[in-house]
Amino acid sequence: MIKDVLLIYIDRWEFFVDLMWEHINISLIAITISSVLGISIGILISQFRKISSLILGIINFTYTIPAISMLGFLIPIWGIGNSNAIIALSIYGLLPMVRNTYIGITNIDKKIIEASIGMGSTEFQSLYKVKFPLSMPVILSGFRNMVIMTISLTGIASFVGAGGLGVAIYRGITTNNSAMTIAGSIAVAGLALVIDFIIGRIEKFVYKRKKINKNVIISGILIFAIGLGTFIYFSMDKEGINIASKPMTEQLIISEIIGQLIEEKLDIKVKITKGVGGGTSNIHPALIKGDFDLYPEYTGTSWEFVLKEEGVLEEGEEGYNKLRNLYEQKFNLSYIGLYGFNNSYGLAIRKEIAEKFNIKTYSDLSKFSGDLVYGGEYDFFEREDGYKGLSELYGFKFKDIVNIDVGLKYDAMNYKDIDVMNVFTTDGQISREDIVILEDDQKFFPKYYAGTVVRRDILDEYPGLEEVLLMLEGRIDDGEMSNLNYKVEIEKTDEKIVAREFLKEKGLIKVK
């Protein structure tokens with residue numbers, strides 16, 4: 001495993017350097033906001049102590065909200081991406097800064113403050129020249145803890161489509177690549193340790209040189225951080241087409257295929273945000289808001305989860321046209337082309353259990369479900385075409401239900417943590433010998449044909465985009481998609497390479 005991690009660093013060093021830069025960018029901006037606001041609020045409540053309990057109570061309560069929940073709460077306000085992550089991280093960073101500033105100032109010996117007032121200092125002069133310098137060790141301690149916490153939490157930011165090293169961690173989980181996950185985790189930990197070491201050296205430098213004005217140094221650091229963070233944020237190129245993908249191997253590949261094809265045919269810069277947590281539930285609102293321009297989607301998901309239409313979408317041209325018309329009328333979005341494959345849901349069971357109880361169909365499974373553990377990804381339990389409807393139709397009553405990330409289900413099955421799981425019919429690992437795919441004998445799951453959902457205004461802005469997207473229509477069948485997934489998940493080939501080779505084989509891009 002160590003060798004695999006080292007090889008990933010060597011082979012994909014540019015990928016990790018870019019993620020590291022993004023990670024530092026997001027963390028730095030959040031740290032700056034938390035520092036400025038936290039110190040300001042801490043000073044304020046130290047001067048007006050009657051409101052200190054209320055303010056600290058509110059901040060303490062906010063701090064108890066799980067990070068993923070906070071990111072989710074902010075989506076309707078800030079949308080998907082770096083802005084959402086920065087705001088959430090800034091909120092979490094407030095507590096150590098406010099609390100340490102408040103404690104540092106209020107614990108100063110009152111006699112020292114009285115002496116400064118007695119010598120003619122104004123309230124502001126006493127704060128600036130006495131209270132603030134004396135409380136600086138406590139404030140810096142809070143700052144140090146906040147910085148390490150922020151760098152660590154930035155790893156979760158990829159859940160809402162933000163950048164940073166969390167992308168590597170999440171992508172490793174999604175594609176069943178343990179080495180990638182470990183490499184991303186080590187990089188986050190290493191960055192946190194390096195920053196902690198640097199801050200520690202700065203602290204020693206400041207407090208060894210008593211003649212240096214500590215306020216000037218701290219102010220200089222904050223001004224530098226604000227300036228650098230602002231420069232980085234506004235220098236980021238936001239032009240081009242923004243593509244999103246769900247946290248599935250298949251979507252990582254398809255988004256690369258679309259992105260590379262657009263760049264080849266239209267010479268337009270493309271940014272791909274891969275593995276957005278929550279899938280459709282987060283990407284669709286972000287698409288409408290304008291954070292993303294297009295993404296791969298499935299007809300069954302669009303019909304039942306997005307449009308919330310009753311019944312199953314009709315197959316064929318008539319049903320597809322109905323779906324397209326509703327998308328244009330309700331959301332001003334276009335469904336362009338279907339790639340050709342149907343990635344429907346299925347149920348897989350451990351082979352030894354299937355053979356022991358002669359389970360071949362979903363109806364067979366219902367007779368033994370009370371003795372088995374079911375595992376599924378989070379959004380499957382919230383969908384109308386998911387666990388609830390499936391259980392009602394077949395009468396499933398499993399012994400236990402496990403919520404698990406889509407990239408970890410096969411590992412959980414392998415370690416016998418779960419006995420049954422929902423799968424996708426184009427999964428790269430679906431042909432494994434230790435599992436059996438059961439028959440949906442009452443035809444619960446509808447068809448999920450994949451296509452591209454794109455904003456209408458983007459089609460107007462970039463002439464020729466629709467024609468390029470239509471080049472993928474009917475180009476990928478079920479077997480081909482499963483094979484592409486296999487190359488990424490089992491053979492550990494980079495999805496960019498897999499996408500490039502596919503486009504070359506289909507004659508969609510020139511062989512260079």
# chains A, B, ... in the order shown; residues from 1 in each chain; ligands from 1
$ residues_around --residues "region 363-368 of chain A" --least-positions-apart "5" --cutoff "10 Å" --atoms "only C-alpha atoms" --output "PyMOL selection string"
chain A and resi 347+349+353-354+357-358+391+393-399+420+438-442
$ residues_around --residues "region 302-313 of chain A" --least-positions-apart "2" --cutoff "9 Å" --atoms "only C-alpha atoms" --output "list of chain:residue names"
A:Thr280, A:Ser281, A:His284, A:Glu297, A:Tyr298, A:Thr299, A:Gly300, A:Glu315, A:Gly319, A:Tyr320, A:Lys322, A:Leu323, A:Leu326, A:Tyr327, A:Lys330, A:Arg383, A:Glu384, A:Asp385, A:Phe445, A:Pro446, A:Lys447
$ write_last_selection --atoms "N, CA, C and O atoms" --output "PDB file, in the first residue's frame"
ATOM      1  N   THR A 280     -27.926  14.459  -7.311  1.00  0.00           N
ATOM      2  CA  THR A 280     -28.952  15.290  -7.941  1.00  0.00           C
ATOM      3  C   THR A 280     -29.529  16.328  -6.983  1.00  0.00           C
ATOM      4  O   THR A 280     -29.804  17.468  -7.376  1.00  0.00           O
ATOM      5  N   SER A 281     -29.714  15.951  -5.724  1.00  0.00           N
ATOM      6  CA  SER A 281     -30.346  16.852  -4.758  1.00  0.00           C
ATOM      7  C   SER A 281     -29.553  18.130  -4.557  1.00  0.00           C
ATOM      8  O   SER A 281     -30.108  19.174  -4.192  1.00  0.00           O
ATOM      9  N   HIS A 284     -28.796  19.716  -9.029  1.00  0.00           N
ATOM     10  CA  HIS A 284     -29.921  20.333  -9.753  1.00  0.00           C
ATOM     11  C   HIS A 284     -30.201  21.770  -9.289  1.00  0.00           C
ATOM     12  O   HIS A 284     -30.296  22.682 -10.126  1.00  0.00           O
ATOM     13  N   GLU A 297     -27.182  13.113 -16.294  1.00  0.00           N
ATOM     14  CA  GLU A 297     -28.313  12.755 -15.446  1.00  0.00           C
ATOM     15  C   GLU A 297     -29.037  11.554 -16.044  1.00  0.00           C
ATOM     16  O   GLU A 297     -28.783  11.171 -17.184  1.00  0.00           O
ATOM     17  N   TYR A 298     -29.940  10.979 -15.282  1.00  0.00           N
ATOM     18  CA  TYR A 298     -30.656   9.773 -15.688  1.00  0.00           C
ATOM     19  C   TYR A 298     -32.152  10.061 -15.779  1.00  0.00           C
ATOM     20  O   TYR A 298     -32.725  10.745 -14.917  1.00  0.00           O
ATOM     21  N   THR A 299     -32.787   9.514 -16.809  1.00  0.00           N
ATOM     22  CA  THR A 299     -34.192   9.826 -17.068  1.00  0.00           C
ATOM     23  C   THR A 299     -35.107   9.437 -15.905  1.00  0.00           C
ATOM     24  O   THR A 299     -36.007  10.182 -15.540  1.00  0.00           O
ATOM     25  N   GLY A 300     -34.854   8.262 -15.319  1.00  0.00           N
ATOM     26  CA  GLY A 300     -35.689   7.825 -14.201  1.00  0.00           C
ATOM     27  C   GLY A 300     -35.568   8.748 -13.004  1.00  0.00           C
ATOM     28  O   GLY A 300     -36.562   9.076 -12.340  1.00  0.00           O
ATOM     29  N   GLU A 315     -41.136   4.464 -22.067  1.00  0.00           N
ATOM     30  CA  GLU A 315     -39.920   4.284 -22.854  1.00  0.00           C
ATOM     31  C   GLU A 315     -40.147   4.775 -24.276  1.00  0.00           C
ATOM     32  O   GLU A 315     -41.276   4.925 -24.734  1.00  0.00           O
ATOM     33  N   GLY A 319     -41.924   9.271 -24.528  1.00  0.00           N
ATOM     34  CA  GLY A 319     -41.641   9.531 -23.124  1.00  0.00           C
ATOM     35  C   GLY A 319     -40.480  10.500 -22.949  1.00  0.00           C
ATOM     36  O   GLY A 319     -40.521  11.393 -22.093  1.00  0.00           O
ATOM     37  N   TYR A 320     -39.443  10.323 -23.772  1.00  0.00           N
ATOM     38  CA  TYR A 320     -38.271  11.203 -23.693  1.00  0.00           C
ATOM     39  C   TYR A 320     -38.634  12.644 -24.039  1.00  0.00           C
ATOM     40  O   TYR A 320     -38.193  13.589 -23.376  1.00  0.00           O
ATOM     41  N   LYS A 322     -41.516  14.035 -23.687  1.00  0.00           N
ATOM     42  CA  LYS A 322     -42.322  14.566 -22.573  1.00  0.00           C
ATOM     43  C   LYS A 322     -41.410  15.057 -21.447  1.00  0.00           C
ATOM     44  O   LYS A 322     -41.629  16.125 -20.866  1.00  0.00           O
ATOM     45  N   LEU A 323     -40.387  14.276 -21.157  1.00  0.00           N
ATOM     46  CA  LEU A 323     -39.411  14.652 -20.128  1.00  0.00           C
ATOM     47  C   LEU A 323     -38.700  15.943 -20.517  1.00  0.00           C
ATOM     48  O   LEU A 323     -38.561  16.869 -19.704  1.00  0.00           O
ATOM     49  N   LEU A 326     -40.988  19.064 -20.155  1.00  0.00           N
ATOM     50  CA  LEU A 326     -41.212  19.458 -18.757  1.00  0.00           C
ATOM     51  C   LEU A 326     -39.983  20.152 -18.182  1.00  0.00           C
ATOM     52  O   LEU A 326     -40.100  21.121 -17.415  1.00  0.00           O
ATOM     53  N   TYR A 327     -38.796  19.678 -18.551  1.00  0.00           N
ATOM     54  CA  TYR A 327     -37.561  20.300 -18.071  1.00  0.00           C
ATOM     55  C   TYR A 327     -37.419  21.729 -18.602  1.00  0.00           C
ATOM     56  O   TYR A 327     -36.993  22.633 -17.887  1.00  0.00           O
ATOM     57  N   LYS A 330     -40.360  23.956 -16.820  1.00  0.00           N
ATOM     58  CA  LYS A 330     -40.230  24.192 -15.382  1.00  0.00           C
ATOM     59  C   LYS A 330     -38.906  24.818 -14.980  1.00  0.00           C
ATOM     60  O   LYS A 330     -38.850  25.630 -14.045  1.00  0.00           O
ATOM     61  N   ARG A 383     -35.407   8.587  -1.905  1.00  0.00           N
ATOM     62  CA  ARG A 383     -36.045   8.626  -3.218  1.00  0.00           C
ATOM     63  C   ARG A 383     -37.366   7.873  -3.213  1.00  0.00           C
ATOM     64  O   ARG A 383     -37.513   6.846  -2.536  1.00  0.00           O
ATOM     65  N   GLU A 384     -38.319   8.377  -4.015  1.00  0.00           N
ATOM     66  CA  GLU A 384     -39.583   7.663  -4.183  1.00  0.00           C
ATOM     67  C   GLU A 384     -39.358   6.340  -4.910  1.00  0.00           C
ATOM     68  O   GLU A 384     -40.077   5.371  -4.698  1.00  0.00           O
ATOM     69  N   ASP A 385     -38.352   6.343  -5.793  1.00  0.00           N
ATOM     70  CA  ASP A 385     -38.037   5.115  -6.525  1.00  0.00           C
ATOM     71  C   ASP A 385     -36.928   4.333  -5.820  1.00  0.00           C
ATOM     72  O   ASP A 385     -36.224   3.538  -6.444  1.00  0.00           O
ATOM     73  N   PHE A 445     -38.075  -1.231 -10.516  1.00  0.00           N
ATOM     74  CA  PHE A 445     -37.164  -0.171 -10.950  1.00  0.00           C
ATOM     75  C   PHE A 445     -37.422   0.223 -12.402  1.00  0.00           C
ATOM     76  O   PHE A 445     -37.468  -0.640 -13.286  1.00  0.00           O
ATOM     77  N   PRO A 446     -37.569   1.511 -12.654  1.00  0.00           N
ATOM     78  CA  PRO A 446     -37.749   1.983 -14.037  1.00  0.00           C
ATOM     79  C   PRO A 446     -36.413   2.008 -14.772  1.00  0.00           C
ATOM     80  O   PRO A 446     -35.367   1.681 -14.209  1.00  0.00           O
ATOM     81  N   LYS A 447     -36.462   2.405 -16.042  1.00  0.00           N
ATOM     82  CA  LYS A 447     -35.240   2.551 -16.825  1.00  0.00           C
ATOM     83  C   LYS A 447     -34.559   3.876 -16.478  1.00  0.00           C
ATOM     84  O   LYS A 447     -35.223   4.882 -16.263  1.00  0.00           O
TER      85      LYS A 447
END
$ atom_distance --atom1 "CA of Ala412 (chain A)" --atom2 "CA of Tyr345 (chain A)"
18.1 Å
$ residues_around --residues "Val498 (chain A)" --least-positions-apart "5" --cutoff "12 Å" --atoms "only C-alpha atoms" --output "PDB file with C-alpha atoms, in the first residue's frame"
ATOM      1  CA  THR A 249     -17.199   6.322 -10.971  1.00  0.00           C
ATOM      2  CA  GLU A 250     -19.470   6.367 -13.994  1.00  0.00           C
ATOM      3  CA  LEU A 252     -16.502  10.892 -13.193  1.00  0.00           C
ATOM      4  CA  ILE A 253     -15.823   9.199 -16.518  1.00  0.00           C
ATOM      5  CA  ILE A 254     -18.800  10.695 -18.372  1.00  0.00           C
ATOM      6  CA  SER A 255     -18.016  14.223 -17.133  1.00  0.00           C
ATOM      7  CA  GLU A 256     -14.456  13.802 -18.449  1.00  0.00           C
ATOM      8  CA  ILE A 257     -15.754  12.541 -21.793  1.00  0.00           C
ATOM      9  CA  GLN A 260     -12.638  16.719 -23.257  1.00  0.00           C
ATOM     10  CA  GLU A 480     -19.160  -0.489 -22.692  1.00  0.00           C
ATOM     11  CA  MET A 481     -20.089   1.637 -19.672  1.00  0.00           C
ATOM     12  CA  ASN A 483     -16.104  -1.859 -18.979  1.00  0.00           C
ATOM     13  CA  LEU A 484     -15.141   1.820 -18.579  1.00  0.00           C
ATOM     14  CA  ASN A 485     -16.076   1.646 -14.892  1.00  0.00           C
ATOM     15  CA  TYR A 486     -14.032  -1.546 -14.537  1.00  0.00           C
ATOM     16  CA  LYS A 487     -10.926   0.161 -15.915  1.00  0.00           C
ATOM     17  CA  VAL A 488     -11.153   2.890 -13.256  1.00  0.00           C
ATOM     18  CA  GLU A 489     -12.331   0.845 -10.261  1.00  0.00           C
ATOM     19  CA  GLU A 491      -7.495  -1.559 -13.037  1.00  0.00           C
ATOM     20  CA  LYS A 492      -7.008   1.836 -11.272  1.00  0.00           C
ATOM     21  CA  THR A 493      -6.673   3.783 -14.529  1.00  0.00           C
ATOM     22  CA  LEU A 503     -13.128   9.321 -27.468  1.00  0.00           C
ATOM     23  CA  LYS A 504     -10.246   8.165 -29.669  1.00  0.00           C
ATOM     24  CA  GLU A 505     -11.797   4.724 -30.222  1.00  0.00           C
TER      25      GLU A 505
END
$ select_by_dssp --residues "region 140-358 of chain A" --states "strand (DSSP E or B)" --output "VMD selection string"
chain A and resid 241 to 244 270 to 273 294 to 298 333 to 342 345 to 350
$ select_by_dssp --residues "region 8-217 of chain A" --states "alpha helix (DSSP H)" --output "PyMOL selection string"
chain A and resi 8-11+13-47+52-63+67-78+82-106+110-118+123-126+132-153+166-174+178-208+214-217
$ residues_around --residues "region 46-58 of chain A" --least-positions-apart "6" --cutoff "12 Å" --atoms "only C-alpha atoms" --output "PyMOL selection string"
chain A and resi 38-40+64-65+91-92+94-108+123-124+126-127+131-132+135
$ write_last_selection --atoms "C-alpha atoms" --output "CSV table (one decimal), in the first residue's frame"
chain,number,residue,atom,x,y,z
A,38,GLY,CA,-13.5,36.4,16.0
A,39,ILE,CA,-11.1,38.9,17.4
A,40,SER,CA,-13.5,41.8,16.8
A,64,THR,CA,-22.1,21.8,17.6
A,65,ILE,CA,-23.8,21.6,14.1
A,91,ILE,CA,-18.4,30.0,11.1
A,92,TYR,CA,-16.6,27.0,12.7
A,94,LEU,CA,-15.2,31.8,15.1
A,95,LEU,CA,-15.5,29.9,18.4
A,96,PRO,CA,-11.8,29.5,19.3
A,97,MET,CA,-11.1,33.1,18.2
A,98,VAL,CA,-14.0,34.7,20.1
A,99,ARG,CA,-13.5,32.6,23.2
A,100,ASN,CA,-9.7,33.0,23.5
A,101,THR,CA,-9.9,36.7,22.8
A,102,TYR,CA,-12.6,37.1,25.4
A,103,ILE,CA,-10.8,35.0,28.0
A,104,GLY,CA,-7.4,36.6,27.3
A,105,ILE,CA,-8.7,40.1,27.8
A,106,THR,CA,-11.0,39.4,30.8
A,107,ASN,CA,-8.3,37.5,32.7
A,108,ILE,CA,-5.8,40.4,32.8
A,123,GLU,CA,-10.4,53.3,27.1
A,124,PHE,CA,-9.2,52.7,23.6
A,126,SER,CA,-5.9,50.9,27.4
A,127,LEU,CA,-7.3,48.3,25.1
A,131,LYS,CA,-5.2,44.6,27.1
A,132,PHE,CA,-4.6,43.4,23.6
A,135,SER,CA,-3.9,38.8,25.9
